[in-house]
Structure formats: C-alpha cells, structure tokens
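What follows is one structure encoded as structure tokens, with my remarks underneath.
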Amino acid sequence: QPYFLEAEGGPAQGWRRRMGKKGKDAAPETVEDPDEDEEREVEPEAPPEAASRILKDLDWEVCVMPALGQRYFYSKSRRQARVQPPYHSILGLEESHFRDLTKAELWKAFFAKRQVYKKPVEGGSLSEELLNAEDEVDWALIMESFHVLSQHEARSAYEQKNLAPHAQLRLVGLRVMHEARLVDEAERKAKEEAMRAEGE
C-alpha cells in the first residue's frame, strides 16, 4: 500500500508549507512502495579466490560482505567464518598447532607445494612456470599463505584476527550474519518459485 510523506509538525502543516495557502486543499503526496527487486541488495562480484580448487577441497567458501565489499571465508562443515583464508590448511599444515609452527616446517610445506605446482626443468630443479595454468589462483593463495606465515608481524596479526580464542568469539557474529543471509536467500528463492508456479 502507498504511504504518505509527513513533514515535522503533522501532515497538514507539512502540506501547507510545500503548497502555500492551498496546501490544505491539496491531495497528499504519495510514494509507491519500492519493488522487491529494488530493495534486494546487489550481489557483489566474487573475488578471484572464489575459483580456488584448494579452498573448495578444504570446504571453505569465499564470500563478500554486501555493504562493505570485503571478502571473508566460511566453512559449512566447521560452521566457522574467517576474515582471511585458512593459511595453514592451504599449505597442508595442521592448524591446531599454529602457535608451535617452526620456520623449518613452513619451508618444508611450501617446497612440497612448489613440487606439485611448478614445472620441473632439466637437472631436477623447478622453474617459476606453473605446471597447469589453471592453478594460478591456487598458487597465488599458496604464496599469500607462505608470505603471511613467514613474517612475524603478519603472522601474529593473522593469528589474532582468526585463530586466537578471543578472535573466534568475535567471528561468531560473522558466522551468524552469513548463515542468516543464507536463510533469507533460501526463503526468497522459495517465494519466487511459488510465484512462478502460481503463474503457470
């Protein structure tokens, strides 16, 4: 149903201020309710990481906050949300031991990934060329993971934002927001399907 625009001081005063002395005799201005399609948030473009096979295999989904356009990560099987990718898992490391990770373990894991993703050359060394060009997104995530975990300040910031107990408590809100969006989206699709069925 349409609704009336009312100015401060009551509707009559508002109309007289806009229309002059004849305002009391003028019909109130009406505004139609916006269409449902207009009210719906525009879905932001998916980031490159959304095409990652590593994240898919690890059951991590890349998402974007509609209002802010910032990426975040959600795992349905874990019921967890993160503001950054699961760097340890991407490198094949045990995340639960993140505080005890040594440089030697990190380099070993990174080199193992290089052997999988990089093209070998004569002599047994590895080139900088990817074995499969389709792995560009995954390799970028591997490099991001290695750089963050190999730098003390970046690693500490990552742990404080994603892995530390207080961080996990804060991230519950992000998970709840994401799961609420999933429910809303499912209800919207069900409503659209019902309307299409009625029209057939």
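As shown in the structure tokens, the chain order sets the letters A, B, ...; within each chain, residues go from 1, and ligands are also counted from 1 in the order they appear.
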Please identify all polymer residues within 12 Å of Ala164 of chain A, counting only C-alpha atoms, omitting same-chain residues fewer than 2 positions from it, and present them as an mmCIF file with C-alpha atoms, in the first residue's frame.
```
data_model
loop_
_atom_site.group_PDB
_atom_site.id
_atom_site.type_symbol
_atom_site.label_atom_id
_atom_site.label_comp_id
_atom_site.auth_asym_id
_atom_site.auth_seq_id
_atom_site.Cartn_x
_atom_site.Cartn_y
_atom_site.Cartn_z
ATOM 1 C CA ARG A 82 37.211 -16.049 8.941
ATOM 2 C CA GLU A 95 46.183 -25.501 12.065
ATOM 3 C CA SER A 96 45.608 -26.599 15.656
ATOM 4 C CA HIS A 97 49.389 -26.358 16.216
ATOM 5 C CA PHE A 98 49.658 -22.829 14.832
ATOM 6 C CA ARG A 99 51.484 -21.486 17.881
ATOM 7 C CA ARG A 155 51.637 -13.955 11.227
ATOM 8 C CA SER A 156 50.889 -12.519 14.648
ATOM 9 C CA ALA A 157 48.188 -10.247 13.220
ATOM 10 C CA TYR A 158 46.662 -13.185 11.339
ATOM 11 C CA GLU A 159 46.533 -15.331 14.456
ATOM 12 C CA GLN A 160 44.976 -12.528 16.492
ATOM 13 C CA LYS A 161 42.272 -11.919 13.873
ATOM 14 C CA ASN A 162 41.434 -15.520 13.000
ATOM 15 C CA HIS A 166 39.133 -14.155 21.547
ATOM 16 C CA ALA A 167 39.156 -13.835 17.739
ATOM 17 C CA GLN A 168 36.983 -16.925 17.340
ATOM 18 C CA LEU A 169 34.460 -15.449 19.769
ATOM 19 C CA ARG A 170 34.291 -12.235 17.717
ATOM 20 C CA LEU A 171 33.952 -14.189 14.472
#
```
- Between atom CA of Asp184 of chain A and atom CA of Gly199 of chain A, what is the distance, to one decimal in Å? 22.7 Å
Contacts of segment 114-121 of chain A at 10 Å or less, counting only C-alpha atoms, minus same-chain residues fewer than 4 places along, as a PDB file with N, CA, C and O atoms, in the first residue's frame?
```pdb
ATOM      1  N   LYS A 108      59.359 -26.462   4.553  1.00  0.00           N
ATOM      2  CA  LYS A 108      59.145 -27.810   4.049  1.00  0.00           C
ATOM      3  C   LYS A 108      57.781 -27.924   3.361  1.00  0.00           C
ATOM      4  O   LYS A 108      57.654 -28.520   2.269  1.00  0.00           O
ATOM      5  N   ALA A 109      56.756 -27.368   3.990  1.00  0.00           N
ATOM      6  CA  ALA A 109      55.413 -27.402   3.421  1.00  0.00           C
ATOM      7  C   ALA A 109      55.347 -26.594   2.129  1.00  0.00           C
ATOM      8  O   ALA A 109      54.723 -27.015   1.144  1.00  0.00           O
ATOM      9  N   PHE A 110      56.003 -25.432   2.120  1.00  0.00           N
ATOM     10  CA  PHE A 110      55.997 -24.585   0.924  1.00  0.00           C
ATOM     11  C   PHE A 110      56.718 -25.270  -0.235  1.00  0.00           C
ATOM     12  O   PHE A 110      56.239 -25.255  -1.380  1.00  0.00           O
ATOM     13  N   SER A 125      65.595 -29.352 -10.975  1.00  0.00           N
ATOM     14  CA  SER A 125      65.129 -28.125 -10.323  1.00  0.00           C
ATOM     15  C   SER A 125      63.730 -27.755 -10.828  1.00  0.00           C
ATOM     16  O   SER A 125      63.191 -28.406 -11.732  1.00  0.00           O
ATOM     17  N   LEU A 126      63.181 -26.733 -10.247  1.00  0.00           N
ATOM     18  CA  LEU A 126      61.832 -26.297 -10.604  1.00  0.00           C
ATOM     19  C   LEU A 126      61.882 -24.902 -11.214  1.00  0.00           C
ATOM     20  O   LEU A 126      62.595 -24.026 -10.732  1.00  0.00           O
ATOM     21  N   SER A 127      61.106 -24.705 -12.264  1.00  0.00           N
ATOM     22  CA  SER A 127      61.019 -23.384 -12.886  1.00  0.00           C
ATOM     23  C   SER A 127      59.977 -22.548 -12.146  1.00  0.00           C
ATOM     24  O   SER A 127      59.293 -23.036 -11.240  1.00  0.00           O
ATOM     25  N   GLU A 128      59.843 -21.294 -12.549  1.00  0.00           N
ATOM     26  CA  GLU A 128      58.821 -20.436 -11.965  1.00  0.00           C
ATOM     27  C   GLU A 128      57.493 -20.574 -12.705  1.00  0.00           C
ATOM     28  O   GLU A 128      56.497 -19.973 -12.314  1.00  0.00           O
ATOM     29  N   GLU A 129      57.483 -21.364 -13.764  1.00  0.00           N
ATOM     30  CA  GLU A 129      56.276 -21.552 -14.562  1.00  0.00           C
ATOM     31  C   GLU A 129      55.392 -22.618 -13.933  1.00  0.00           C
ATOM     32  O   GLU A 129      55.864 -23.662 -13.475  1.00  0.00           O
ATOM     33  N   LEU A 130      54.105 -22.348 -13.917  1.00  0.00           N
ATOM     34  CA  LEU A 130      53.159 -23.307 -13.354  1.00  0.00           C
ATOM     35  C   LEU A 130      53.011 -24.513 -14.268  1.00  0.00           C
ATOM     36  O   LEU A 130      53.002 -24.387 -15.495  1.00  0.00           O
ATOM     37  N   LEU A 131      52.864 -25.656 -13.662  1.00  0.00           N
ATOM     38  CA  LEU A 131      52.650 -26.880 -14.420  1.00  0.00           C
ATOM     39  C   LEU A 131      51.305 -26.829 -15.135  1.00  0.00           C
ATOM     40  O   LEU A 131      51.161 -27.302 -16.263  1.00  0.00           O
ATOM     41  N   ASN A 132      50.323 -26.227 -14.485  1.00  0.00           N
ATOM     42  CA  ASN A 132      48.991 -26.073 -15.043  1.00  0.00           C
ATOM     43  C   ASN A 132      48.576 -24.616 -14.900  1.00  0.00           C
ATOM     44  O   ASN A 132      48.465 -24.107 -13.781  1.00  0.00           O
ATOM     45  N   ALA A 133      48.332 -23.949 -16.016  1.00  0.00           N
ATOM     46  CA  ALA A 133      47.989 -22.524 -15.974  1.00  0.00           C
ATOM     47  C   ALA A 133      46.699 -22.258 -15.200  1.00  0.00           C
ATOM     48  O   ALA A 133      46.494 -21.155 -14.687  1.00  0.00           O
ATOM     49  N   ASP A 135      45.990 -23.287 -12.411  1.00  0.00           N
ATOM     50  CA  ASP A 135      46.268 -23.245 -10.969  1.00  0.00           C
ATOM     51  C   ASP A 135      46.755 -21.870 -10.494  1.00  0.00           C
ATOM     52  O   ASP A 135      47.247 -21.756  -9.369  1.00  0.00           O
ATOM     53  N   GLU A 136      46.592 -20.859 -11.313  1.00  0.00           N
ATOM     54  CA  GLU A 136      47.116 -19.536 -10.962  1.00  0.00           C
ATOM     55  C   GLU A 136      46.509 -19.003  -9.669  1.00  0.00           C
ATOM     56  O   GLU A 136      47.212 -18.448  -8.815  1.00  0.00           O
ATOM     57  N   ASP A 138      45.141 -20.754  -7.206  1.00  0.00           N
ATOM     58  CA  ASP A 138      45.606 -21.562  -6.072  1.00  0.00           C
ATOM     59  C   ASP A 138      47.042 -21.225  -5.699  1.00  0.00           C
ATOM     60  O   ASP A 138      47.383 -21.146  -4.512  1.00  0.00           O
ATOM     61  N   TRP A 139      47.888 -21.022  -6.722  1.00  0.00           N
ATOM     62  CA  TRP A 139      49.282 -20.697  -6.415  1.00  0.00           C
ATOM     63  C   TRP A 139      49.387 -19.327  -5.737  1.00  0.00           C
ATOM     64  O   TRP A 139      50.212 -19.134  -4.838  1.00  0.00           O
ATOM     65  N   ILE A 142      48.703 -19.901  -2.197  1.00  0.00           N
ATOM     66  CA  ILE A 142      49.847 -20.554  -1.542  1.00  0.00           C
ATOM     67  C   ILE A 142      50.914 -19.522  -1.216  1.00  0.00           C
ATOM     68  O   ILE A 142      51.475 -19.512  -0.111  1.00  0.00           O
ATOM     69  N   MET A 143      51.199 -18.641  -2.162  1.00  0.00           N
ATOM     70  CA  MET A 143      52.199 -17.600  -1.932  1.00  0.00           C
ATOM     71  C   MET A 143      51.745 -16.637  -0.830  1.00  0.00           C
ATOM     72  O   MET A 143      52.539 -16.241   0.037  1.00  0.00           O
TER      73      MET A 143
END
```
- Looking at only C-alpha atoms, which of A:Glu144, A:Glu198, A:Glu134, A:Glu187 is the one that sits closest to Leu91 of chain A? A:Glu144
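The two atoms in question, atom CA of Pro85 of chain A and atom CA of Glu61 of chain A, are spaced 9.5 Å apart.
Between atom CA of Gly69 of chain A and atom CA of Lys189 of chain A lies a distance of 22.9 Å.
Of the listed residues (A:Ser89, A:Ser77, A:Thr102, A:Gln84), A:Gln84 comes nearest to Ala154 of chain A; the distances count only C-alpha atoms.
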- Would you mind writing down, as a count of residues only, each residue of segment 58-170 of chain A that DSSP on the backbone assigns to helix (DSSP H, G or I)? 61
Could you list, as a compact mmCIF listing (two decimals) with N, CA and C atoms, in the first residue's frame, every residue within 9 Å of Arg71 of chain A, counting only C-alpha atoms and ignoring same-chain residues fewer than 2 positions away?
```txt
# COMPACT_ATOMS: atom_id res chain seq x y z
N ALA A 46 32.21 -11.67 -7.21
CA ALA A 46 33.01 -12.64 -6.46
C ALA A 46 34.50 -12.35 -6.65
N PRO A 47 35.30 -12.44 -5.58
CA PRO A 47 36.75 -12.23 -5.70
C PRO A 47 37.41 -13.39 -6.43
N VAL A 62 34.42 -18.63 -0.39
CA VAL A 62 34.82 -17.22 -0.40
C VAL A 62 33.57 -16.36 -0.57
N CYS A 63 33.35 -15.45 0.35
CA CYS A 63 32.15 -14.63 0.34
C CYS A 63 32.54 -13.14 0.36
N VAL A 64 31.56 -12.29 0.13
CA VAL A 64 31.78 -10.85 0.14
C VAL A 64 30.68 -10.18 0.94
N MET A 65 31.07 -9.29 1.85
CA MET A 65 30.08 -8.52 2.60
C MET A 65 29.39 -7.54 1.66
N LEU A 68 30.06 -3.65 2.52
CA LEU A 68 31.46 -3.21 2.55
C LEU A 68 32.28 -3.68 1.37
N GLY A 69 31.85 -4.76 0.74
CA GLY A 69 32.63 -5.30 -0.38
C GLY A 69 33.88 -6.03 0.06
N PHE A 73 35.58 -15.66 4.65
CA PHE A 73 35.61 -17.07 4.32
C PHE A 73 34.72 -17.84 5.29
N VAL A 83 38.11 -13.87 8.49
CA VAL A 83 38.32 -12.68 7.68
C VAL A 83 39.49 -12.86 6.72
N GLN A 84 40.24 -13.95 6.88
CA GLN A 84 41.35 -14.28 5.99
C GLN A 84 41.31 -15.77 5.68
```
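Closest approach to Pro86 of chain A among A:His152, A:Lys56, A:Arg175, A:Lys191: A:Lys56, based on only C-alpha atoms.
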- Task: Would you please work out which residue, of A:Ala194, A:Met177, A:Ile90, A:Glu122, is nearest to Tyr74 of chain A when using only C-alpha atoms?
- Result: A:Met177
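By only C-alpha atoms, and with residues fewer than 5 positions from Leu93 of chain A along its chain excluded, the set lying at most 9 Å from it is Tyr87, His88, Phe98, Leu101, Glu105, Leu106 and Ala109 of chain A.
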